[in-house]
>>> print(open('input-v4.cif').read())   # mmCIF, C-alpha atoms and all ligand atoms
data_data
loop_
_atom_site.label_atom_id
_atom_site.label_comp_id
_atom_site.auth_asym_id
_atom_site.auth_seq_id
_atom_site.Cartn_x
_atom_site.Cartn_y
_atom_site.Cartn_z
CA MET S 500 -2.43 30.17 19.24
CA ALA S 501 -5.93 29.25 18.01
CA ALA S 502 -8.01 26.52 19.66
CA VAL S 503 -7.28 22.87 18.96
CA GLN S 504 -8.76 21.87 15.59
CA ASN S 505 -10.97 18.85 15.08
CA ILE S 506 -10.02 16.73 12.10
CA THR S 507 -12.05 14.12 10.21
CA VAL S 508 -9.87 11.65 8.32
CA LEU S 509 -11.74 9.88 5.52
CA GLY S 510 -9.75 6.83 4.41
CA ALA S 511 -7.71 6.78 7.62
CA THR S 512 -6.36 3.26 7.04
CA GLY S 513 -4.86 4.10 3.64
CA SER S 514 -1.46 5.44 2.71
CA ILE S 515 -2.51 9.12 2.92
CA GLY S 516 -4.64 8.46 6.01
CA VAL S 517 -1.71 6.94 7.90
CA SER S 518 0.59 9.81 6.90
CA THR S 519 -2.07 12.29 8.02
CA LEU S 520 -2.33 10.67 11.45
CA ASP S 521 1.46 10.71 11.70
CA VAL S 522 1.54 14.50 11.16
CA ILE S 523 -1.41 15.03 13.52
CA SER S 524 0.26 13.01 16.27
CA ARG S 525 3.31 15.30 16.08
CA HIS S 526 1.13 18.28 17.03
CA PRO S 527 -1.31 17.29 19.78
CA GLU S 528 -1.53 20.93 20.86
CA ARG S 529 -2.98 21.87 17.45
CA TYR S 530 -5.04 18.90 16.25
CA ARG S 531 -7.47 16.36 17.64
CA VAL S 532 -9.03 13.51 15.66
CA LEU S 533 -12.80 13.84 15.53
CA ALA S 534 -13.57 10.95 13.18
CA LEU S 535 -11.83 8.15 11.30
CA SER S 536 -13.16 6.09 8.40
CA ALA S 537 -12.07 2.75 6.95
CA HIS S 538 -13.34 0.10 4.59
CA GLY S 539 -11.76 -3.34 4.99
CA GLN S 540 -8.86 -2.93 7.41
CA LEU S 541 -10.68 -3.16 10.72
CA GLU S 542 -7.65 -4.23 12.79
CA LYS S 543 -5.80 -1.16 11.59
CA LEU S 544 -8.79 1.06 12.36
CA LEU S 545 -8.95 -0.44 15.84
CA ALA S 546 -5.28 0.35 16.43
CA GLN S 547 -5.85 3.91 15.21
CA CYS S 548 -8.83 4.25 17.57
CA GLN S 549 -6.63 3.14 20.46
CA VAL S 550 -4.07 5.83 19.71
CA HIS S 551 -6.27 8.74 18.62
CA ARG S 552 -9.52 8.15 20.55
CA PRO S 553 -11.84 9.68 17.93
CA ARG S 554 -15.46 10.49 18.71
CA TYR S 555 -16.60 8.56 15.59
CA ALA S 556 -15.30 5.50 13.75
CA VAL S 557 -17.06 4.95 10.45
CA LEU S 558 -17.07 1.88 8.22
CA ALA S 559 -17.78 2.37 4.52
CA GLU S 560 -20.26 -0.52 4.54
CA PRO S 561 -22.56 -1.78 7.30
CA GLY S 562 -21.74 -5.51 6.90
CA ARG S 563 -19.13 -5.64 9.70
CA LEU S 564 -20.58 -2.99 12.01
CA VAL S 565 -21.38 -5.41 14.84
CA GLU S 566 -18.02 -7.12 14.49
CA PHE S 567 -16.20 -3.81 14.84
CA LYS S 568 -18.26 -2.76 17.85
CA LEU S 569 -17.26 -6.03 19.51
CA MET S 570 -13.63 -5.45 18.63
CA LEU S 571 -13.76 -2.03 20.32
CA ALA S 572 -15.52 -3.48 23.36
CA SER S 573 -13.02 -6.30 23.82
CA ALA S 574 -10.19 -3.76 23.55
CA GLY S 575 -11.87 -1.86 26.38
CA LEU S 576 -12.50 1.20 24.22
CA THR S 577 -15.63 3.11 25.16
CA GLY S 578 -17.06 6.43 24.04
CA ILE S 579 -16.46 5.87 20.33
CA GLU S 580 -19.60 5.97 18.23
CA VAL S 581 -19.46 3.43 15.40
CA LEU S 582 -21.41 4.22 12.25
CA ALA S 583 -21.47 2.78 8.73
CA GLY S 584 -22.46 3.61 5.17
CA MET S 585 -22.38 6.55 2.80
CA GLU S 586 -24.63 8.75 4.93
CA ALA S 587 -22.35 8.25 7.91
CA LEU S 588 -19.32 9.23 5.80
CA GLU S 589 -21.16 12.36 4.69
CA TYR S 590 -22.10 13.03 8.32
CA ILE S 591 -18.51 13.03 9.62
CA ALA S 592 -17.39 15.02 6.56
CA SER S 593 -19.89 17.80 7.29
CA HIS S 594 -20.04 17.50 11.10
CA PRO S 595 -20.50 20.93 12.70
CA GLU S 596 -17.47 20.39 14.92
CA ALA S 597 -15.11 19.30 12.14
CA ASP S 598 -12.66 22.10 11.33
CA ALA S 599 -10.88 20.22 8.56
CA VAL S 600 -11.58 17.09 6.54
CA MET S 601 -8.87 14.97 4.98
CA ALA S 602 -10.50 13.46 1.87
CA ALA S 603 -8.37 10.34 1.38
CA ILE S 604 -10.77 7.61 0.33
CA VAL S 605 -9.54 6.04 -2.90
CA GLY S 606 -11.62 6.18 -6.07
CA ALA S 607 -15.12 7.33 -6.95
CA ALA S 608 -16.32 6.11 -3.54
CA GLY S 609 -14.76 9.25 -2.07
CA MET S 610 -16.81 11.69 -4.09
CA ARG S 611 -19.98 12.10 -2.02
CA PRO S 612 -18.30 12.62 1.36
CA THR S 613 -15.80 15.03 -0.21
CA LEU S 614 -18.68 16.99 -1.75
CA ALA S 615 -20.43 17.01 1.63
CA ALA S 616 -17.35 18.57 3.24
CA ALA S 617 -17.19 21.24 0.52
CA ARG S 618 -20.88 22.08 0.82
CA ALA S 619 -20.49 22.40 4.59
CA GLY S 620 -17.74 24.97 4.10
CA LYS S 621 -14.95 22.95 5.67
CA ARG S 622 -11.24 23.27 5.18
CA VAL S 623 -10.99 20.39 2.68
CA LEU S 624 -7.62 18.67 2.36
CA LEU S 625 -8.16 17.17 -1.06
CA ALA S 626 -6.27 13.95 -1.74
CA ASN S 627 -9.14 12.12 -3.47
CA LYS S 628 -8.45 13.39 -6.99
CA GLU S 629 -11.28 11.31 -8.41
CA THR S 630 -13.80 13.82 -7.01
CA LEU S 631 -12.35 16.53 -9.27
CA VAL S 632 -11.93 14.17 -12.20
CA MET S 633 -15.54 12.99 -12.01
CA ALA S 634 -17.32 16.15 -10.97
CA GLY S 635 -14.84 19.01 -11.16
CA GLY S 636 -17.33 21.71 -12.12
CA LEU S 637 -19.94 20.69 -9.57
CA PHE S 638 -17.36 20.28 -6.84
CA MET S 639 -15.75 23.69 -7.40
CA ASP S 640 -19.22 25.30 -7.40
CA ALA S 641 -20.10 23.48 -4.16
CA ALA S 642 -16.87 24.64 -2.53
CA ARG S 643 -17.48 28.23 -3.59
CA GLU S 644 -21.11 28.23 -2.48
CA GLY S 645 -20.31 26.48 0.80
CA GLY S 646 -17.39 28.81 1.53
CA ALA S 647 -14.95 25.89 1.76
CA THR S 648 -11.18 26.35 1.79
CA LEU S 649 -9.65 23.89 -0.67
CA LEU S 650 -6.08 22.78 -0.03
CA PRO S 651 -4.69 20.39 -2.63
CA ILE S 652 -2.82 17.45 -1.13
CA ASP S 653 -1.76 15.73 -4.34
CA SER S 654 1.93 16.66 -4.27
CA GLU S 655 1.95 18.31 -7.71
CA HIS S 656 -1.10 20.45 -7.03
CA ASN S 657 0.14 21.30 -3.59
CA ALA S 658 3.40 22.46 -5.19
CA ILE S 659 1.52 24.57 -7.75
CA TYR S 660 -0.62 26.05 -4.99
CA GLN S 661 2.56 27.03 -3.18
CA CYS S 662 3.99 28.64 -6.33
CA LEU S 663 0.88 30.60 -7.36
CA PRO S 664 0.06 34.08 -6.10
CA GLN S 665 -2.60 33.91 -3.37
CA PRO S 666 -5.46 34.40 -3.77
CA PHE S 667 -5.14 33.06 -7.32
CA SER S 668 -7.75 34.25 -9.80
CA ASP S 669 -5.83 34.43 -13.11
CA THR S 670 -8.23 37.13 -14.26
CA ALA S 671 -6.44 39.86 -12.33
CA GLY S 672 -3.29 40.09 -14.44
CA GLN S 673 -1.32 37.79 -12.19
CA GLY S 674 0.90 36.82 -15.09
CA VAL S 675 0.66 33.03 -15.00
CA ARG S 676 1.46 31.60 -18.41
CA LYS S 677 1.19 27.91 -17.65
CA ILE S 678 1.69 25.23 -15.06
CA LEU S 679 4.21 22.44 -15.41
CA LEU S 680 3.15 19.20 -13.76
CA THR S 681 6.09 16.96 -13.02
CA ALA S 682 5.86 13.18 -13.39
CA SER S 683 8.38 10.63 -12.17
CA GLY S 684 7.69 8.48 -15.21
CA GLY S 685 6.95 5.55 -12.90
CA PRO S 686 8.67 2.16 -12.75
CA PHE S 687 8.42 1.60 -16.54
CA ARG S 688 9.80 4.92 -17.76
CA CYS S 689 12.51 3.18 -19.76
CA ALA S 690 10.59 0.02 -20.70
CA SER S 691 10.01 -0.79 -24.39
CA ALA S 692 6.50 -1.34 -25.76
CA GLU S 693 7.20 -5.10 -25.83
CA GLU S 694 8.36 -5.11 -22.20
CA LEU S 695 5.31 -3.11 -21.14
CA ALA S 696 2.99 -5.76 -22.55
CA VAL S 697 4.24 -8.38 -20.07
CA VAL S 698 4.80 -6.43 -16.82
CA THR S 699 3.24 -7.89 -13.66
CA PRO S 700 1.16 -6.21 -10.94
CA ALA S 701 4.05 -6.66 -8.49
CA GLN S 702 6.36 -4.71 -10.82
CA ALA S 703 3.74 -2.03 -11.44
CA VAL S 704 3.08 -1.24 -7.78
CA LYS S 705 6.79 -0.87 -7.04
CA HIS S 706 7.13 2.86 -7.52
CA PRO S 707 10.72 4.14 -7.66
CA ASN S 708 10.19 7.23 -5.45
CA TRP S 709 6.81 7.22 -3.70
CA SER S 710 5.15 4.74 -1.38
CA MET S 711 1.42 4.79 -2.19
CA GLY S 712 -1.75 2.69 -2.35
CA ARG S 713 -1.96 -0.01 -5.05
CA LYS S 714 -4.45 1.70 -7.34
CA ILE S 715 -2.57 4.99 -7.63
CA SER S 716 0.71 3.09 -8.01
CA VAL S 717 -0.62 1.31 -11.11
CA ASP S 718 -1.92 4.66 -12.39
CA SER S 719 1.56 6.11 -11.90
CA ALA S 720 3.04 3.28 -13.93
CA SER S 721 0.60 3.85 -16.83
CA LEU S 722 0.79 7.67 -16.53
CA MET S 723 -3.00 7.58 -16.05
CA ASN S 724 -2.28 9.20 -12.70
CA LYS S 725 -0.66 12.15 -14.48
CA GLY S 726 -3.64 12.32 -16.81
CA LEU S 727 -6.03 12.40 -13.86
CA GLU S 728 -3.82 15.12 -12.37
CA VAL S 729 -4.08 17.22 -15.55
CA ILE S 730 -7.88 17.07 -15.17
CA GLU S 731 -7.55 17.82 -11.46
CA ALA S 732 -5.37 20.88 -12.23
CA ARG S 733 -7.79 22.12 -14.87
CA TRP S 734 -10.49 22.44 -12.20
CA LEU S 735 -8.44 23.44 -9.17
CA PHE S 736 -6.68 26.28 -10.97
CA ASP S 737 -9.31 27.01 -13.64
CA LEU S 738 -6.81 26.76 -16.48
CA PRO S 739 -7.52 25.32 -19.95
CA PRO S 740 -5.61 22.14 -20.89
CA GLU S 741 -3.33 23.99 -23.30
CA ARG S 742 -1.88 25.86 -20.32
CA ILE S 743 -1.02 22.63 -18.50
CA SER S 744 2.15 20.75 -19.51
CA VAL S 745 3.59 17.50 -18.23
CA VAL S 746 7.34 17.21 -17.63
CA VAL S 747 8.92 13.86 -16.77
CA HIS S 748 11.38 14.39 -13.93
CA PRO S 749 12.63 11.03 -12.69
CA GLN S 750 14.06 12.20 -9.34
CA SER S 751 10.68 13.50 -8.03
CA VAL S 752 12.38 16.35 -6.21
CA ILE S 753 10.62 19.20 -8.01
CA HIS S 754 6.95 18.53 -7.31
CA SER S 755 5.68 20.95 -9.99
CA MET S 756 6.24 24.45 -11.34
CA VAL S 757 4.47 27.63 -12.42
CA GLU S 758 5.70 29.60 -15.42
CA TYR S 759 5.05 33.35 -15.50
CA VAL S 760 4.88 35.74 -18.48
CA ASP S 761 8.12 37.45 -17.48
CA GLY S 762 10.04 34.19 -17.91
CA SER S 763 10.16 33.29 -14.22
CA VAL S 764 9.52 29.67 -13.32
CA LEU S 765 8.74 28.97 -9.66
CA ALA S 766 9.19 25.44 -8.35
CA GLN S 767 8.53 23.68 -5.05
CA LEU S 768 11.12 21.09 -4.05
CA GLY S 769 11.32 18.53 -1.31
CA ASN S 770 11.85 14.88 -0.55
CA PRO S 771 9.06 12.72 -1.97
CA ASP S 772 7.07 12.29 1.24
CA MET S 773 3.33 13.03 1.35
CA ARG S 774 3.63 14.34 4.90
CA THR S 775 4.94 17.63 3.43
CA PRO S 776 1.76 18.52 1.49
CA ILE S 777 -0.37 17.08 4.31
CA ALA S 778 1.32 19.30 6.91
CA TYR S 779 1.01 22.27 4.56
CA GLY S 780 -2.74 21.61 4.17
CA LEU S 781 -3.27 21.17 7.89
CA ALA S 782 -1.40 24.28 8.98
CA TRP S 783 -1.87 26.70 6.05
CA PRO S 784 -1.11 29.58 6.07
CA GLU S 785 1.32 28.59 8.82
CA ARG S 786 4.01 25.91 8.54
CA ILE S 787 4.60 23.01 10.89
CA ASP S 788 7.11 20.20 11.21
CA ALA S 789 6.05 17.23 9.07
CA GLY S 790 8.68 14.74 10.22
CA VAL S 791 10.26 14.89 6.74
CA SER S 792 14.03 14.88 6.50
CA PRO S 793 15.66 17.95 4.87
CA LEU S 794 16.38 17.84 1.17
CA ASP S 795 20.02 16.97 0.53
CA LEU S 796 20.79 18.61 -2.83
CA PHE S 797 24.39 17.40 -2.80
CA GLN S 798 23.27 13.83 -2.51
CA ILE S 799 20.68 14.29 -5.29
CA ALA S 800 23.37 16.03 -7.39
CA ARG S 801 21.30 16.36 -10.56
CA LEU S 802 17.77 16.97 -11.78
CA ASP S 803 16.72 15.52 -15.15
CA PHE S 804 13.78 16.36 -17.40
CA GLU S 805 12.26 14.70 -20.45
CA ALA S 806 9.06 14.83 -22.47
CA PRO S 807 6.43 12.14 -21.80
CA ASP S 808 6.17 9.42 -24.48
CA LEU S 809 2.49 9.32 -25.37
CA SER S 810 2.85 6.32 -27.66
CA ARG S 811 4.09 4.08 -24.86
CA PHE S 812 1.85 5.79 -22.29
CA PRO S 813 -1.40 6.57 -24.14
CA CYS S 814 -3.41 7.00 -20.91
CA LEU S 815 -1.96 10.51 -20.57
CA ALA S 816 -3.22 11.44 -24.05
CA LEU S 817 -6.63 9.99 -23.16
CA ALA S 818 -6.95 12.43 -20.26
CA PHE S 819 -6.33 15.41 -22.57
CA GLU S 820 -8.83 13.86 -24.99
CA ALA S 821 -11.43 13.54 -22.20
CA LEU S 822 -10.95 17.22 -21.32
CA ARG S 823 -11.47 18.17 -24.97
CA MET S 824 -14.63 16.05 -25.12
CA GLY S 825 -15.88 17.73 -21.92
CA GLY S 826 -19.13 16.82 -20.17
CA ALA S 827 -18.98 13.45 -18.45
CA ALA S 828 -15.96 12.21 -20.44
CA PRO S 829 -13.49 12.52 -17.53
CA ALA S 830 -15.93 10.64 -15.26
CA VAL S 831 -16.21 7.88 -17.86
CA LEU S 832 -12.44 7.65 -18.22
CA ASN S 833 -12.01 7.50 -14.46
CA ALA S 834 -14.60 4.74 -14.00
CA ALA S 835 -13.29 2.64 -16.88
CA ASN S 836 -9.79 3.01 -15.50
CA GLU S 837 -10.87 1.83 -12.03
CA VAL S 838 -12.28 -1.34 -13.61
CA ALA S 839 -9.18 -1.78 -15.77
CA VAL S 840 -6.75 -1.33 -12.88
CA ALA S 841 -8.68 -3.75 -10.65
CA ALA S 842 -8.62 -6.32 -13.48
CA PHE S 843 -4.89 -5.77 -14.01
CA LEU S 844 -4.17 -6.19 -10.28
CA ASP S 845 -6.29 -9.36 -10.41
CA GLU S 846 -4.20 -10.62 -13.36
CA GLN S 847 -7.24 -10.62 -15.63
CA LEU S 848 -5.86 -7.94 -17.95
CA GLY S 849 -2.46 -7.07 -19.40
CA PHE S 850 -0.85 -3.74 -18.56
CA THR S 851 -1.05 -2.25 -22.06
CA ALA S 852 -4.70 -3.32 -22.31
CA ILE S 853 -5.55 -0.81 -19.54
CA ALA S 854 -5.24 2.03 -22.07
CA GLN S 855 -7.13 0.04 -24.72
CA LEU S 856 -10.03 -0.56 -22.36
CA ASN S 857 -10.04 3.08 -21.25
CA ALA S 858 -10.06 4.33 -24.86
CA ALA S 859 -12.87 1.96 -25.84
CA SER S 860 -15.09 3.03 -22.91
CA LEU S 861 -14.39 6.71 -23.52
CA GLN S 862 -15.46 6.42 -27.15
CA ALA S 863 -18.49 4.22 -26.46
CA VAL S 864 -20.01 5.92 -23.40
CA ALA S 865 -18.89 9.54 -22.94
CA ALA S 866 -21.17 11.24 -25.45
CA ASP S 867 -24.33 9.86 -23.79
CA PHE S 868 -24.03 11.91 -20.58
CA ASP S 869 -23.52 15.51 -19.50
CA ALA S 870 -21.87 16.94 -16.39
CA ARG S 871 -24.70 19.21 -15.29
CA SER S 872 -25.92 17.08 -12.41
CA LEU S 873 -24.47 14.61 -9.97
CA ASP S 874 -27.10 12.08 -11.08
CA SER S 875 -25.89 12.32 -14.66
CA LEU S 876 -22.27 11.87 -13.59
CA VAL S 877 -23.11 8.92 -11.38
CA ALA S 878 -25.03 7.38 -14.31
CA ALA S 879 -22.02 7.98 -16.58
CA ASP S 880 -19.77 6.31 -14.01
CA ALA S 881 -22.10 3.29 -13.84
CA ALA S 882 -22.45 3.04 -17.64
CA ALA S 883 -18.66 3.20 -18.03
CA ARG S 884 -18.20 0.41 -15.48
CA ARG S 885 -20.77 -1.75 -17.32
CA HIS S 886 -19.08 -1.08 -20.63
CA ALA S 887 -15.67 -1.84 -19.18
CA GLN S 888 -16.88 -5.13 -17.67
CA GLY S 889 -18.31 -6.12 -21.05
CA TRP S 890 -15.05 -5.22 -22.77
CA LEU S 891 -13.19 -7.33 -20.21
CA ARG S 892 -15.38 -10.34 -20.88
CA ASP S 893 -14.64 -9.98 -24.61
CA HIS S 894 -10.89 -9.38 -24.27
CA ALA S 895 -9.57 -10.81 -21.00
CA HIS S 896 -6.91 -13.47 -21.21
P1 LIG S 901 -5.11 3.54 -0.19
O1 LIG S 901 -5.61 2.46 -1.07
O2 LIG S 901 -3.82 3.36 0.52
O3 LIG S 901 -6.24 3.89 0.91
C1 LIG S 901 -7.56 4.08 0.55
C2 LIG S 901 -8.43 4.37 1.76
O4 LIG S 901 -9.82 4.39 1.32
C3 LIG S 901 -8.38 3.30 2.84
O5 LIG S 901 -8.64 3.88 4.09
C4 LIG S 901 -9.50 2.35 2.44
O6 LIG S 901 -9.99 1.59 3.52
C5 LIG S 901 -10.55 3.34 1.98
N1 LIG S 901 -11.48 2.76 1.02
C6 LIG S 901 -11.20 1.89 0.02
N2 LIG S 901 -12.33 1.61 -0.68
C7 LIG S 901 -13.33 2.32 -0.11
C8 LIG S 901 -14.74 2.42 -0.35
N3 LIG S 901 -15.32 1.75 -1.35
N4 LIG S 901 -15.46 3.24 0.44
C9 LIG S 901 -14.87 3.94 1.44
N5 LIG S 901 -13.55 3.86 1.75
C10 LIG S 901 -12.78 3.05 0.97
O7 LIG S 901 -5.08 4.87 -1.10
P2 LIG S 901 -4.10 6.12 -0.97
O8 LIG S 901 -4.01 6.58 0.44
O9 LIG S 901 -2.88 5.87 -1.75
O10 LIG S 901 -4.93 7.21 -1.81
C11 LIG S 901 -6.07 7.87 -1.30
C12 LIG S 901 -6.47 8.98 -2.27
O11 LIG S 901 -5.42 9.94 -2.29
C13 LIG S 901 -6.65 8.53 -3.71
O12 LIG S 901 -7.70 9.24 -4.28
C14 LIG S 901 -5.34 8.88 -4.36
O13 LIG S 901 -5.49 9.16 -5.74
C15 LIG S 901 -4.95 10.13 -3.61
N6 LIG S 901 -3.52 10.38 -3.58
C16 LIG S 901 -2.68 9.52 -2.95
C17 LIG S 901 -1.31 9.74 -2.93
C18 LIG S 901 -0.36 8.83 -2.19
O14 LIG S 901 0.80 9.14 -2.08
N7 LIG S 901 -0.80 7.70 -1.67
C19 LIG S 901 -0.73 10.91 -3.60
C20 LIG S 901 -1.70 11.78 -4.19
C21 LIG S 901 -3.04 11.51 -4.18
P3 LIG S 901 -9.32 0.16 3.94
O15 LIG S 901 -7.85 0.30 3.73
O16 LIG S 901 -9.73 0.05 5.38
O17 LIG S 901 -9.96 -0.87 3.07
MG MG S 902 0.42 13.26 -7.52
#
>>> encode(input="input-v4.cif", output="structure tokens")
Amino acid sequence: MAAVQNITVLGATGSIGVSTLDVISRHPERYRVLALSAHGQLEKLLAQCQVHRPRYAVLAEPGRLVEFKLMLASAGLTGIEVLAGMEALEYIASHPEADAVMAAIVGAAGMRPTLAAARAGKRVLLANKETLVMAGGLFMDAAREGGATLLPIDSEHNAIYQCLPQPFSDTAGQGVRKILLTASGGPFRCASAEELAVVTPAQAVKHPNWSMGRKISVDSASLMNKGLEVIEARWLFDLPPERISVVVHPQSVIHSMVEYVDGSVLAQLGNPDMRTPIAYGLAWPERIDAGVSPLDLFQIARLDFEAPDLSRFPCLALAFEALRMGGAAPAVLNAANEVAVAAFLDEQLGFTAIAQLNAASLQAVAADFDARSLDSLVAADAAARRHAQGWLRDHAH
């Protein structure tokens, strides 16, 4: 077998980061942790350093650098270099000795280090969907030019990747008609419009099938997550929005499907556990044990499908709208949504107002920016956040 691979885990203390370290620890003969990054959860990062002994531990911001160095010292841990800030994140993402980079920082903050990994030609395990939503065109160009191998970790895109012919080009008569992204429908799939208006953050983050970070859990409840995934799929698989459909499938057993011109539909199934796509990304084109229990079809018994209700879940329609608008519109939608979700989690904004804020920012800001440069996209992101904050001041309860 090949030499042990060095892995950088960006966002190690998050839900995906923890699952990634779980898979890595099952295969010490294949993987070694080169670097870990965290933002606020220093105790958790310390515990991870104790187990995995990385060469680098990186904090997103420098404010607590000294504190963390002291924590390592008092735990008797030596030989770990502690760094902080965006440049340090980019450094561990593009480090010459990193074989693969798990991009699992949440939100727009993950974009620059993910881009750095792509430019450096790494095997990029892409969980941070916001990079593709904000800067899909630039990111795909960077990956191509850098010679990076992109492996989608988002379960739907990982499923599609598994069901597409490889290498996938779509120009070579490979017969793909469309992709079918499945959506669980989230915790409010059956809620009425009136009920949706009064749901609480605690209810929104309680996903029926998946255990995830708080931000993506709220996005799953509003179907914004599925909208972001449509944008993600448009870039990853280079397909126009009219060839991407969303199918609500409450059991979350089929993770997505590919429909071919001959009528075949290929699906990838499995228990809803992110360690499956993570293990796939780590080992591709091989397969390794992920610690996931086998799918028990008899216990599941049935698989249901329904169309998404865009009137109760307008965030999904907004994502298609942003794709139609093009340019920086997806970046604007993403930034506005980050502000809206944070305000909702902070009980400053009602659940149904998330879509209202997103729509208002999209209309007010998107046309002012293009997607030709990172600077323009970063400016669009900032303008959308300013607009969203203003909207919040005018509308918050
Ligand atoms: P979590 O919120 O659980 O974890 C986020 C990670 O990013 C943590 O390590 C956190 O550090 C770090 N972080 C937070 N803010 C910043 C910042 N400003 N700068 C640098 N690092 C930061 O998120 P998830 O693991 O759920 O999601 C990670 C990404 O993966 C997201 O883009 C999400 O959309 C995507 N994804 C997640 C899925 C899931 O099942 N969870 C499924 C599909 C995609 P700390 O905790 O130390 O503060
Ligand atoms: Mg997903």
>>> residues_near_point(input="input-v4.cif", point="(3.8, 26.3, -8.5)", cutoff="8 Å", atoms="all atoms listed in the file", output="PyMOL selection string")
chain S and resi 656-663+678-679+755-758+765-767
>>> closest_residue(input="input-v4.cif", among="S:Met570, S:Gln673, S:Glu741, S:Ala842", to="S:Glu820", atoms="all atoms listed in the file")
S:Glu741
>>> residues_near_point(input="input-v4.cif", point="(-11.0, 0.5, -21.8)", cutoff="7 Å", atoms="all atoms listed in the file", output="PyMOL selection string")
chain S and resi 835-836+839+853-860+887
>>> closest_residue(input="input-v4.cif", among="S:Asp845, S:Glu644, S:Asp772, S:Glu694", to="ligand MG 902 (chain S)", atoms="all atoms listed in the file")
S:Asp772
>>> closest_atom_pairs(input="input-v4.cif", of="chain S", to="ligand MG 902 (chain S)", cutoff="9 Å", atoms="all atoms listed in the file", output="Markdown table")
| residue | atom | partner | partner_atom | distance |
| --- | --- | --- | --- | --- |
| S:Ala626 | CA | S:MG902 | MG | 8.9 |
| S:Lys628 | CA | S:MG902 | MG | 8.9 |
| S:Ile652 | CA | S:MG902 | MG | 8.3 |
| S:Asp653 | CA | S:MG902 | MG | 4.6 |
| S:Ser654 | CA | S:MG902 | MG | 4.9 |
| S:Glu655 | CA | S:MG902 | MG | 5.3 |
| S:His656 | CA | S:MG902 | MG | 7.4 |
| S:Asn657 | CA | S:MG902 | MG | 9.0 |
| S:Thr681 | CA | S:MG902 | MG | 8.7 |
| S:Ala682 | CA | S:MG902 | MG | 8.0 |
| S:Ile715 | CA | S:MG902 | MG | 8.8 |
| S:Ser719 | CA | S:MG902 | MG | 8.5 |
| S:Asn724 | CA | S:MG902 | MG | 7.1 |
| S:Lys725 | CA | S:MG902 | MG | 7.1 |
| S:Glu728 | CA | S:MG902 | MG | 6.7 |
| S:His754 | CA | S:MG902 | MG | 8.4 |
>>> residues_near_ligand(input="input-v4.cif", ligand="ligand LIG 901 (chain S)", cutoff="7 Å", atoms="only C-alpha atoms and all ligand atoms", output="PyMOL selection string")
chain S and resi 509-516+536-541+559+603-606+608-609+626-629+652-654+709-715+773
>>> closest_residue(input="input-v4.cif", among="S:Ala863, S:Leu533, S:Val760, S:Ile799", to="S:Gly672", atoms="only C-alpha atoms")
S:Val760
>>> closest_residue(input="input-v4.cif", among="S:Leu822, S:Arg618, S:Lys568, S:Pro700", to="S:Gly849", atoms="only C-alpha atoms")
S:Pro700
>>> closest_residue(input="input-v4.cif", among="S:Leu861, S:Met639, S:Ala617, S:Ala583", to="S:Trp734", atoms="all atoms listed in the file")
S:Met639
>>> residues_around(input="input-v4.cif", residues="S:Gln862", least_positions_apart="4", cutoff="10 Å", atoms="only C-alpha atoms", output="ChimeraX atom specification")
/S:821,824,828,831-832,857-858,866
>>> atom_distance(input="input-v4.cif", atom1="atom CA of S:Val697", atom2="atom CA of S:Val840")
14.9 Å
>>> residues_around(input="input-v4.cif", residues="S:Leu727", least_positions_apart="5", cutoff="9 Å", atoms="all atoms listed in the file", output="list in words")
Lys628, Glu629, Leu631, Val632, Asp718, Leu722, Ala732, Leu815, Ala818, Pro829 and Asn833 of chain S
>>> atom_distance(input="input-v4.cif", atom1="atom CA of S:Leu802", atom2="atom CA of S:Val729")
22.2 Å
>>> atom_distance(input="input-v4.cif", atom1="atom CA of S:Pro784", atom2="atom CA of S:Ser518")
19.9 Å
